[in-house]
Every structure is written in structure tokens, then in C-alpha cells.
>>> print(open('protein31.cif').read())   # mmCIF, C-alpha atoms
data_final
#
loop_
_atom_site.label_atom_id
_atom_site.label_comp_id
_atom_site.auth_asym_id
_atom_site.auth_seq_id
_atom_site.Cartn_x
_atom_site.Cartn_y
_atom_site.Cartn_z
CA MET M 232 42.18 -1.08 42.89
CA LEU M 233 38.50 -0.42 42.65
CA THR M 234 36.04 -2.58 44.46
CA GLY M 235 33.21 -4.10 42.47
CA GLN M 236 30.72 -1.75 44.10
CA ILE M 237 32.62 1.38 43.07
CA THR M 238 32.96 0.17 39.46
CA SER M 239 29.28 -0.59 39.29
CA ALA M 240 28.41 2.77 40.88
CA ILE M 241 30.59 4.61 38.35
CA ILE M 242 28.94 2.79 35.42
CA GLY M 243 25.46 3.35 36.84
CA ILE M 244 25.97 7.04 37.59
CA ALA M 245 27.73 7.72 34.25
CA LEU M 246 24.95 6.01 32.29
CA ALA M 247 22.18 7.71 34.26
CA GLY M 248 23.97 11.06 33.99
CA ALA M 249 24.44 10.72 30.21
CA ILE M 250 20.78 9.80 29.72
CA LEU M 251 19.57 12.66 31.92
CA PHE M 252 21.87 15.08 30.10
CA LEU M 253 20.53 14.01 26.70
CA VAL M 254 16.91 13.99 27.85
CA ARG M 255 17.25 17.44 29.34
CA ARG M 256 18.49 18.80 26.02
CA ASP M 257 14.90 18.45 24.94
CA HIS M 258 15.41 16.36 21.82
CA LEU M 259 12.92 13.74 22.97
CA HIS M 260 9.19 13.63 22.62
CA GLY M 261 7.32 13.33 25.97
CA PRO M 262 6.67 9.57 26.35
CA TYR M 263 10.21 8.73 25.25
CA ALA M 264 11.67 11.12 27.82
CA LEU M 265 9.61 9.40 30.52
CA TRP M 266 10.90 5.97 29.44
CA TRP M 267 14.50 7.15 29.48
CA PHE M 268 14.08 8.84 32.86
CA GLY M 269 12.97 5.44 34.13
CA VAL M 270 16.00 3.76 32.58
CA ALA M 271 18.32 6.38 34.10
CA ALA M 272 16.77 5.87 37.54
CA ALA M 273 17.11 2.07 37.26
CA THR M 274 20.76 2.16 36.15
CA PHE M 275 21.54 4.60 38.93
CA ALA M 276 19.84 2.50 41.60
CA LEU M 277 21.33 -0.82 40.41
CA GLY M 278 24.79 0.71 39.93
CA VAL M 279 24.98 2.32 43.36
CA PHE M 280 23.19 -0.49 45.23
CA PRO M 281 24.19 -3.75 43.50
CA ALA M 282 22.81 -5.57 46.55
CA LEU M 283 19.38 -4.82 45.08
CA ILE M 284 20.12 -7.38 42.37
CA VAL M 285 20.92 -10.10 44.89
CA TRP M 286 17.77 -9.22 46.79
CA LEU M 287 15.68 -9.33 43.59
CA GLY M 288 17.31 -12.66 42.71
CA HIS M 289 16.22 -14.13 46.04
CA LEU M 290 12.76 -12.68 45.59
CA THR M 291 12.30 -14.20 42.11
CA GLY M 292 14.01 -17.49 42.93
CA ILE M 293 16.85 -17.04 40.44
CA VAL M 294 19.95 -18.84 41.78
CA TYR M 295 22.49 -16.81 39.82
CA ALA M 296 21.19 -13.30 40.51
CA PRO M 297 23.53 -11.30 38.17
CA VAL M 298 21.81 -12.84 35.17
CA LEU M 299 18.56 -11.16 36.18
CA PRO M 300 19.39 -7.59 35.01
CA ILE M 301 20.83 -9.02 31.79
CA VAL M 302 17.69 -10.98 30.95
CA VAL M 303 15.34 -8.19 31.97
CA GLY M 304 17.46 -5.58 30.21
CA LEU M 305 17.63 -7.58 27.00
CA SER M 306 13.87 -8.17 27.04
CA LEU M 307 13.25 -4.46 27.49
CA VAL M 308 15.62 -3.69 24.60
CA LEU M 309 13.70 -6.10 22.36
CA ILE M 310 10.35 -4.60 23.36
CA ARG M 311 11.74 -1.14 22.81
CA MET M 312 12.94 -2.11 19.32
CA LEU M 313 9.57 -3.56 18.46
CA LYS M 314 7.88 -0.39 19.62
CA LEU M 315 10.35 1.58 17.52
CA ASP M 316 9.43 -0.34 14.37
CA ILE M 317 5.74 0.03 15.12
CA ASP M 318 6.20 3.77 15.48
CA ARG M 319 8.24 3.92 12.29
CA SER M 320 5.54 2.04 10.39
CA ARG M 321 2.93 4.48 11.63
CA GLN M 322 5.08 7.38 10.54
CA GLU M 323 5.74 5.77 7.17
CA ARG M 324 1.99 5.52 6.66
CA GLN M 325 1.55 9.15 7.62
CA ILE M 326 4.37 10.30 5.36
CA ARG M 327 2.92 8.39 2.41
CA ARG M 328 -0.55 9.80 2.95
CA LEU M 329 0.78 13.32 3.42
CA THR M 330 2.82 13.00 0.23
CA GLN M 331 -0.27 11.93 -1.68
CA LYS M 332 -2.37 14.69 -0.15
CA LEU M 333 0.27 17.27 -0.93
CA ALA M 334 0.32 16.22 -4.60
CA ILE M 335 -3.50 16.29 -4.79
CA LEU M 336 -3.75 19.74 -3.19
CA GLU M 337 -0.95 21.08 -5.34
CA GLN M 338 -2.79 19.92 -8.45
CA GLU M 339 -5.99 21.60 -7.22
CA LEU M 340 -4.11 24.79 -6.53
CA ASP M 341 -2.69 24.74 -10.05
CA ARG M 342 -6.13 24.12 -11.51
CA ILE M 343 -7.70 26.96 -9.56
CA GLY M 344 -4.79 29.21 -10.47
CA HIS M 345 -5.25 28.48 -14.16
CA ALA M 346 -9.01 28.91 -14.00
CA ALA M 347 -8.84 32.30 -12.32
CA SER M 348 -7.74 35.39 -14.19
CA PRO M 349 -4.02 36.05 -13.99
CA PRO M 350 -3.15 37.92 -10.80
CA VAL M 351 -2.90 41.69 -11.13
CA LEU M 352 0.47 42.94 -10.06
CA PRO M 353 0.38 45.97 -7.78
CA ARG M 354 1.72 49.07 -9.53
CA ASP M 355 3.34 50.47 -6.45
CA SER M 356 5.32 47.77 -4.67
CA ASN M 357 5.55 49.98 -1.56
CA ALA M 358 1.79 49.84 -1.15
CA VAL M 359 1.90 46.09 -0.57
CA GLN M 360 2.46 45.13 3.02
CA PRO M 361 4.69 42.10 3.54
CA PRO M 362 2.74 39.19 5.01
CA GLY M 363 2.92 38.57 8.73
CA MET L 225 -32.83 -11.86 10.41
CA THR L 226 -34.89 -11.42 7.27
CA GLY L 227 -33.71 -7.85 6.97
CA LEU L 228 -30.14 -9.07 6.85
CA SER L 229 -30.71 -11.62 4.15
CA PHE L 230 -30.69 -8.94 1.52
CA PHE L 231 -27.03 -8.30 2.20
CA ILE L 232 -26.03 -11.92 2.43
CA GLY L 233 -25.47 -13.61 -0.84
CA GLU L 234 -22.92 -15.73 -2.58
CA ALA L 235 -19.66 -14.22 -3.70
CA ARG L 236 -18.74 -15.67 -7.05
CA PHE L 237 -15.31 -15.68 -8.52
CA VAL L 238 -15.90 -16.30 -12.17
CA ASP L 239 -13.12 -17.79 -14.25
CA THR L 240 -13.44 -15.92 -17.52
CA ARG L 241 -11.01 -18.24 -19.27
CA ALA L 242 -13.53 -20.96 -18.71
CA ALA L 243 -16.19 -18.62 -20.03
CA ALA L 244 -14.20 -18.30 -23.23
CA TYR L 245 -14.58 -22.04 -23.73
CA GLY L 246 -18.31 -21.82 -23.38
CA GLU L 247 -18.70 -22.77 -19.75
CA CYS L 248 -18.94 -20.42 -16.84
CA ARG L 249 -18.47 -22.04 -13.51
CA PRO L 250 -18.23 -20.29 -10.20
CA LEU L 251 -14.97 -21.36 -8.61
CA LEU L 252 -16.07 -20.54 -5.11
CA GLN L 253 -19.35 -20.30 -3.40
CA TYR L 254 -19.44 -19.15 0.16
CA PRO L 255 -21.79 -16.92 2.07
CA ILE L 256 -20.31 -13.54 2.74
CA VAL L 257 -21.62 -10.09 3.55
CA PHE L 258 -21.15 -7.70 0.68
CA SER L 259 -22.78 -4.68 -0.85
CA PRO L 260 -25.52 -5.19 -3.44
CA GLU L 261 -24.41 -6.01 -6.97
CA PRO L 262 -22.65 -2.97 -8.44
CA ALA L 263 -24.21 -1.14 -11.37
CA PRO L 264 -22.34 -1.16 -14.69
CA LEU L 265 -19.79 1.65 -14.84
CA LYS L 266 -19.78 4.19 -17.64
CA ALA L 267 -16.44 5.15 -19.12
CA SER L 268 -17.29 8.83 -18.73
CA SER L 269 -17.62 8.53 -14.95
CA CYS L 270 -14.27 6.77 -14.63
CA LEU L 271 -10.80 8.14 -14.15
CA ALA L 272 -7.83 6.46 -15.80
CA VAL L 273 -4.93 6.47 -13.33
CA MET L 274 -1.44 5.93 -14.69
CA PRO L 275 1.44 5.72 -12.22
CA ALA L 276 4.61 6.81 -14.01
CA ARG L 277 8.26 6.96 -13.06
CA ASP L 278 10.64 8.17 -15.75
CA GLU L 279 8.28 7.21 -18.57
CA ALA L 280 8.54 10.42 -20.62
CA PRO L 281 9.09 8.62 -23.96
CA THR L 282 5.87 6.57 -23.74
CA VAL L 283 3.47 8.33 -21.39
CA GLY L 284 2.14 10.83 -23.95
CA ALA L 285 1.11 8.18 -26.47
CA VAL L 286 -0.61 6.09 -23.78
CA VAL L 287 -2.56 9.11 -22.47
CA GLU L 288 -3.72 9.96 -25.99
CA GLY L 289 -4.69 6.35 -26.62
CA VAL L 290 -6.79 6.19 -23.44
CA ARG L 291 -8.51 9.49 -24.17
CA ARG L 292 -9.27 8.38 -27.73
CA THR L 293 -10.60 4.96 -26.69
CA LEU L 294 -12.64 5.81 -23.59
CA GLY L 295 -13.01 9.58 -23.72
CA CYS L 296 -12.55 9.65 -19.96
CA GLN L 297 -10.30 11.86 -17.91
CA VAL L 298 -6.73 10.68 -17.46
CA LEU L 299 -4.58 11.27 -14.41
CA VAL L 300 -0.87 10.60 -14.56
CA VAL L 301 0.74 10.23 -11.14
CA ASP L 302 4.34 11.25 -11.53
CA ASP L 303 6.22 9.20 -8.94
CA ALA L 304 9.09 11.63 -8.38
CA SER L 305 10.42 11.23 -11.92
CA SER L 306 13.74 12.76 -12.89
CA ASP L 307 12.73 13.29 -16.53
CA ASP L 308 9.92 15.21 -18.26
CA THR L 309 7.16 12.71 -17.54
CA ALA L 310 4.86 15.34 -16.02
CA ALA L 311 5.28 17.77 -18.93
CA ALA L 312 4.76 15.02 -21.53
CA ALA L 313 1.59 13.86 -19.77
CA ARG L 314 0.22 17.41 -19.53
CA ALA L 315 0.96 18.02 -23.18
CA ALA L 316 -1.09 14.93 -24.05
CA GLY L 317 -4.05 16.26 -22.08
CA ALA L 318 -3.76 14.44 -18.77
CA ALA L 319 -4.10 15.89 -15.29
CA VAL L 320 -0.88 15.32 -13.37
CA LEU L 321 -0.15 14.67 -9.72
CA THR L 322 3.51 15.13 -8.88
CA LEU L 323 4.58 13.22 -5.81
CA PRO L 324 7.44 14.99 -4.06
CA LEU L 325 8.74 11.65 -2.72
CA GLY L 326 8.87 8.40 -4.64
CA LEU L 327 6.19 6.11 -3.22
CA GLY L 328 6.46 3.23 -5.67
CA ALA L 329 3.83 1.97 -8.10
CA TRP L 330 1.18 1.27 -5.48
CA GLY L 331 1.74 4.51 -3.54
CA ALA L 332 1.35 6.44 -6.79
CA THR L 333 -1.75 4.46 -7.77
CA GLN L 334 -3.29 5.07 -4.36
CA ALA L 335 -2.67 8.81 -4.76
CA GLY L 336 -4.70 8.58 -7.98
CA ILE L 337 -7.44 6.61 -6.23
CA ARG L 338 -7.64 9.20 -3.47
CA TYR L 339 -7.83 11.92 -6.15
CA ALA L 340 -10.69 10.04 -7.82
CA ARG L 341 -12.55 9.71 -4.52
CA ARG L 342 -12.06 13.38 -3.71
CA ASN L 343 -13.35 14.42 -7.13
CA GLY L 344 -16.35 12.12 -7.20
CA PHE L 345 -15.35 9.61 -9.87
CA GLN L 346 -17.36 6.36 -9.82
CA GLY L 347 -14.60 4.14 -11.09
CA VAL L 348 -10.85 4.00 -11.54
CA ILE L 349 -9.02 2.24 -14.36
CA THR L 350 -5.33 1.72 -13.69
CA LEU L 351 -2.78 1.02 -16.36
CA ASP L 352 0.97 1.29 -16.74
CA SER L 353 2.55 4.23 -18.52
CA ASP L 354 5.15 2.21 -20.39
CA GLY L 355 2.79 1.16 -23.16
CA GLN L 356 2.51 -2.53 -22.30
CA HIS L 357 -1.22 -2.19 -21.67
CA LEU L 358 -3.10 -1.39 -24.85
CA PRO L 359 -5.76 1.32 -24.56
CA ASP L 360 -7.91 -0.84 -26.86
CA SER L 361 -8.26 -3.41 -24.08
CA LEU L 362 -9.82 -0.94 -21.64
CA PRO L 363 -13.41 -1.37 -22.93
CA LEU L 364 -12.98 -5.10 -22.20
CA LEU L 365 -12.58 -4.29 -18.51
CA LEU L 366 -15.79 -2.24 -18.48
CA ALA L 367 -17.61 -4.97 -20.36
CA ALA L 368 -16.42 -7.62 -17.90
CA GLN L 369 -17.50 -5.43 -14.98
CA ALA L 370 -20.99 -5.07 -16.41
CA ARG L 371 -21.23 -8.76 -17.34
CA ASP L 372 -20.05 -10.21 -14.02
CA GLY L 373 -21.41 -7.54 -11.73
CA ALA L 374 -17.91 -7.24 -10.32
CA ASN L 375 -16.39 -4.57 -8.11
CA VAL L 376 -12.89 -5.20 -9.40
CA VAL L 377 -11.76 -6.42 -12.81
CA ILE L 378 -8.20 -7.52 -13.53
CA GLY L 379 -6.94 -7.57 -17.09
CA THR L 380 -4.86 -10.72 -17.42
CA CYS L 381 -2.55 -11.66 -20.21
CA VAL L 382 -2.28 -15.43 -19.86
CA ALA L 383 0.10 -15.86 -22.77
CA ARG L 384 2.63 -13.51 -21.27
CA LEU L 385 3.03 -15.40 -18.02
CA SER L 386 6.48 -16.94 -17.83
CA ARG L 387 7.14 -20.31 -16.24
CA ALA L 388 8.53 -18.63 -13.11
CA LYS L 389 5.42 -16.50 -12.83
CA ARG L 390 3.13 -19.48 -13.25
CA ILE L 391 4.86 -21.27 -10.38
CA ALA L 392 4.82 -18.13 -8.26
CA TRP L 393 1.13 -17.54 -8.89
CA ARG L 394 0.28 -21.14 -8.11
CA TYR L 395 2.01 -20.67 -4.76
CA LEU L 396 0.16 -17.40 -4.12
CA ARG L 397 -3.18 -18.99 -5.02
CA LEU L 398 -2.48 -21.67 -2.46
CA LEU L 399 -1.43 -19.15 0.16
CA THR L 400 -4.15 -16.55 -0.29
CA GLY L 401 -7.03 -18.73 -1.38
CA LEU L 402 -7.80 -16.18 -4.11
CA PRO L 403 -8.51 -18.02 -7.36
CA LEU L 404 -6.78 -15.56 -9.69
CA THR L 405 -4.50 -16.12 -12.66
CA ASP L 406 -2.38 -12.98 -12.50
CA PHE L 407 -1.75 -11.26 -9.19
CA THR L 408 0.48 -8.42 -10.37
CA SER L 409 -1.26 -7.16 -13.49
CA GLY L 410 -1.46 -3.38 -13.27
CA LEU L 411 -4.39 -3.26 -15.66
CA ARG L 412 -7.41 -3.06 -13.40
CA LEU L 413 -10.82 -1.52 -12.97
CA TYR L 414 -12.04 -0.54 -9.50
CA ASP L 415 -15.59 0.57 -8.75
CA ALA L 416 -16.71 3.05 -6.10
CA SER L 417 -16.76 0.56 -3.23
CA ALA L 418 -13.25 -0.64 -4.14
CA ILE L 419 -12.11 2.98 -4.28
CA GLU L 420 -13.55 3.49 -0.80
CA ILE L 421 -11.51 0.59 0.59
CA LEU L 422 -8.30 1.35 -1.28
CA ALA L 423 -8.28 5.05 -0.41
CA GLY L 424 -8.22 4.15 3.29
CA GLN L 425 -5.38 4.11 5.82
CA GLU L 426 -5.16 0.35 5.76
CA ALA L 427 -4.03 0.27 2.14
CA SER L 428 -1.30 2.88 2.67
CA LEU L 429 1.34 0.57 4.10
CA LEU L 430 1.15 -1.91 1.23
CA ASP L 431 4.22 -1.94 -0.97
CA TYR L 432 2.90 -3.71 -4.02
CA GLN L 433 -0.46 -3.42 -5.70
CA ASP L 434 -1.02 -7.16 -5.88
CA VAL L 435 -1.67 -9.63 -3.12
CA GLY L 436 -2.12 -7.18 -0.25
CA VAL L 437 -4.52 -5.05 -2.25
CA LEU L 438 -6.50 -8.04 -3.51
CA MET L 439 -6.76 -9.56 -0.04
CA LEU L 440 -7.96 -6.25 1.36
CA LEU L 441 -10.64 -6.06 -1.33
CA SER L 442 -11.64 -9.67 -0.83
CA ARG L 443 -11.89 -9.16 2.92
CA GLY L 444 -14.17 -6.21 2.22
CA GLY L 445 -16.49 -8.68 0.48
CA LEU L 446 -15.96 -7.33 -3.04
CA ARG L 447 -16.33 -9.39 -6.20
CA ILE L 448 -13.09 -9.76 -8.13
CA THR L 449 -13.10 -11.03 -11.67
CA GLU L 450 -10.52 -11.42 -14.42
CA THR L 451 -10.75 -10.85 -18.11
CA PRO L 452 -8.22 -11.92 -20.75
CA VAL L 453 -6.49 -9.11 -22.64
CA THR L 454 -3.51 -8.83 -24.93
CA MET L 455 -0.46 -6.99 -23.69
CA LEU L 456 2.70 -5.85 -25.38
CA PRO L 457 6.13 -6.63 -24.01
CA ARG L 458 7.48 -3.67 -22.14
CA ARG L 459 9.17 -1.21 -24.46
CA ALA L 460 11.17 0.49 -21.76
CA GLY L 461 11.94 -0.41 -18.19
CA HIS L 462 11.58 -3.74 -16.48
CA SER L 463 9.06 -5.48 -14.34
CA ARG L 464 9.43 -4.15 -10.83
CA VAL L 465 8.71 -7.54 -9.37
CA PHE L 466 10.43 -9.90 -11.78
CA ALA L 467 13.67 -8.03 -12.26
CA SER L 468 16.12 -10.57 -10.87
CA TRP L 469 16.13 -13.64 -8.68
CA PRO L 470 17.07 -11.86 -5.42
CA VAL L 471 14.25 -9.39 -6.04
CA VAL L 472 11.83 -12.24 -6.69
CA ALA L 473 12.94 -14.00 -3.51
CA LYS L 474 12.47 -10.81 -1.52
CA TYR L 475 9.07 -10.26 -3.08
CA MET L 476 7.93 -13.81 -2.36
CA MET L 477 9.09 -13.61 1.25
CA HIS L 478 7.44 -10.24 1.71
CA THR L 479 4.21 -11.55 0.25
CA THR L 480 4.32 -14.74 2.29
CA VAL L 481 4.64 -12.77 5.52
CA LEU L 482 1.81 -10.50 4.40
CA CYS L 483 -0.41 -13.50 3.70
CA ILE L 484 0.41 -15.19 6.99
CA ALA L 485 -0.29 -11.95 8.85
CA GLN L 486 -3.69 -11.62 7.18
CA LEU L 487 -4.78 -15.23 7.30
CA ASP L 488 -8.26 -15.74 8.58
CA PRO L 489 -8.55 -19.47 9.31
CA ALA L 490 -12.34 -19.51 9.45
CA ARG L 491 -12.77 -17.96 6.03
CA ARG L 492 -9.81 -19.69 4.47
CA SER L 493 -11.14 -23.16 5.21
CA THR L 494 -14.36 -22.40 3.33
CA ARG L 495 -12.42 -20.91 0.48
CA THR L 496 -9.93 -23.62 -0.19
CA ALA L 497 -12.72 -26.13 -0.13
CA GLY L 498 -14.16 -24.48 -3.21
CA VAL L 499 -11.00 -23.85 -5.23
CA ASP L 500 -10.75 -25.84 -8.39
CA PRO L 501 -7.60 -28.00 -7.95
CA THR L 502 -6.82 -27.82 -11.66
CA CYS L 503 -6.71 -24.05 -11.58
#
>>> encode(input="protein31.cif", output="C-alpha cells")
Amino acid sequence: MLTGQITSAIIGIALAGAILFLVRRDHLHGPYALWWFGVAAATFALGVFPALIVWLGHLTGIVYAPVLPIVVGLSLVLIRMLKLDIDRSRQERQIRRLTQKLAILEQELDRIGHAASPPVLPRDSNAVQPPG
Amino acid sequence: MTGLSFFIGEARFVDTRAAAYGECRPLLQYPIVFSPEPAPLKASSCLAVMPARDEAPTVGAVVEGVRRTLGCQVLVVDDASSDDTAAAARAAGAAVLTLPLGLGAWGATQAGIRYARRNGFQGVITLDSDGQHLPDSLPLLLAAQARDGANVVIGTCVARLSRAKRIAWRYLRLLTGLPLTDFTSGLRLYDASAIEILAGQEASLLDYQDVGVLMLLSRGGLRITETPVTMLPRRAGHSRVFASWPVVAKYMMHTTVLCIAQLDPARRSTRTAGVDPTC
């Protein structure tokens, strides 16, 4: 039989370890990595030292302390989701503007290409250096 | 303060239907800061922008009609079509922007507006590529712009409005405080100051060209006017907004949220005070 503390430590360490593993694989942009490092640290600390929750409960005057991490966690999830949608909206705006710009520049390129004389092909293909 | 007074005048929304009956009454009068009265636009300094998605059968004839009527340059914005829309438009003498991703009618129109701004056009006339807007009605927009000193002219077909649309527009009038008859008409004329506003970042997240766009323009202090035109029923395709009831419901909810998000209580109270209740 596991004691409550061991169960909580296992959950905390596994969650923190998984987050750290994923963050270290470098798929996350800077500020997100920082956020998730914070989450990993918090789950680790609360998992290994569940007494912290009781202590925080006393400190904040909440009678049933275990509800505290649930409420705080849920609030953070909601804030995180809101931030996610804000970021997605910003990216949507950027994608739309880039798409428009791309079409405009492509049209200009076509126009310039048509206006100029047709490109002269080099006679000796060996004489042309590959770009880069 | 006297230096400022030049820029402070009265914005007038003129109901051109009333003008047709021999009376021209300003629906609203409220002090607002706006640019000096715009000069009449010449057709030759305008660009006709036609957003098109899979409109190959009709786009060529519309381009030719616009070029014949106004003699202005025509830009077809191909909204990621899967047919030969771009080729048909080019063959008819239009410049073509091909969007690599579908951005919808407004996204395509905005691409055209940004093109116009980049290339120094003084005005943009937008019309649909499906042939419902008659090229013959385009000079009416320019005439209305010159007559009313407006920054934006909307071509409205009153007869075509269905009962559902009339109810919807009444609701939108109430919500936005804009005294307009048709919010979704794609037949419009924008002048240089409207182009400046609509080419900006703020207009890029709008999904429809109607309420959001009009509120943005109205917030910028521009004069919006309407002029009656005749329109044909769509030959091909369907209204993007009034396709089916779920779509309408989604559109109305979307628009309601947009309006609530942009409400400005101080300005709204002065506006609604002036709106003709019979409108």
C-alpha cells in the first residue's frame, strides 16, 4: 500500500519530469518554456511536500485546503487558454496580412517580369555558378 | 481652440431614399472630428476591386463591363479559387492577385485595398464577380460621392431585401446606431481616407465586410452614404451570409458580439438620439 504522500510525490515528479523532458526537446518558444518550467517546479514541490498545501490553506484562510490547488490550477488553465486564443488571433492577423502581401508582391514580380525583356539563357550552363 | 474648429463639423448621414422623394434630411447630427470634406473622385483615379472565388463563368464579363463603363483599372482578387478565375480575369484585361490561402470575401477585398494604397489609387470601388452588381450602376456611386461629399458610398438595392434581411438590418441598426439600409452590400466606393483605415491592421481580423468595416469607418469619423441601385439576382453561387438559417444565426451572433465589443456608450447615446425611428 502506498501512503498518500508517496502517491502525490509520484504524480508530482512524473508530471514535472514529463514537462521538463518536453521543454528540453526545444519545441517551445522562450516565454512558453519559462511558464512550463514554473508549472513543473510547482507540481514537483506540491507533489513531494503536500504539507505545503495545508500551510497555504491556513495562510489564506481556506478551511478545506485541498481545494486550493484545484481552484488556483483551474484559474491558471483558464488564463492560459485565454492567452492562447489571444496569441492565435494575433497570428491569424499576421497570416492574413502576409497572405495579402505575398499576393501583391507576386503580382508586382509578374508585372516587372513581363515588362522587362525576356531573360537571356546562358549558352554554356557550366559557366553559371549555382546560387549560394 | 479656434484652430481646432476647422476640423470639427457635423457628420451627416444622408438618407438618399428620402432624397429620391424630394426631401433630404440629415438623419443624425452630432459633432465629431473628421477630415475636411473629400473632393469628388474621378473614375480614372479609382481601382475596381472584385473579390472572386470560383467565379470563372462570370468574372470575365463583369471585368469587361466595368472597364467599358468607367475606363478604370480592374483588379480581381482570386481568393484561392479551384477553377480558372484568374485566367478568365486576365483574359478580360484585369490585374489579378492570387491569394495562396482562402481569406474570404473581406480578406480578398482588403488585399485589393492594400494593393490600391500601395499603387497610389485615390479610390476603390468594390463589386462582386458573380454579375449581381451591374457595371452600369458604378457611375451612380461616384455621383453620390460627389453630391454628398462622402468618404464611403454603399450601393443599396432596396427591392432585393428579403423579409428576413429587413428584420436583421433593423436589429443591426439598433445595435450599431448606424442608420443604413443594407449592411452587407458588396457594391461600395471608398475614398483615400477610407482606404487608409481599411488597409490597416485593425481591419485584418474582421470576417465580413459589413458591420465591422462600417463601424471602423464610422469610428474614424468618415461620412457614409447610401445610393439606390438595381441589382440582378445572383446567377451562380449563393449569398455567403444568407445561405441557411444556422449560418444566419452564426452570423448574427458573431455580429452581435462584435458590436458589443466595439460599443462606445458616450457616442452611442448621441447617435441613437438622432436616428429616425421610422427608418
>>> atom_distance(input="protein31.cif", atom1="atom CA of Val302 of chain M", atom2="atom CA of Pro281 of chain M")
15.9 Å
>>> closest_residue(input="protein31.cif", among="L:Gly347, L:Met439, L:Leu429, L:Asp415", to="Arg397 of chain L", atoms="all atoms listed in the file")
L:Met439
>>> closest_residue(input="protein31.cif", among="L:Val287, L:Leu430, L:Ala272, L:Ile484", to="chain M", atoms="only C-alpha atoms")
L:Leu430
>>> interface_residues(input="protein31.cif", of="chain M", to="chain L", cutoff="8 Å", atoms="all atoms listed in the file", output="list in words")
Ser320, Glu323, Arg324, Arg327, Arg328, Thr330, Gln331, Lys332, Leu333, Ala334, Ile335, Glu337 and Gln338 of chain M
>>> atom_distance(input="protein31.cif", atom1="atom CA of Ser306 of chain L", atom2="atom CA of Asp278 of chain L")
6.2 Å
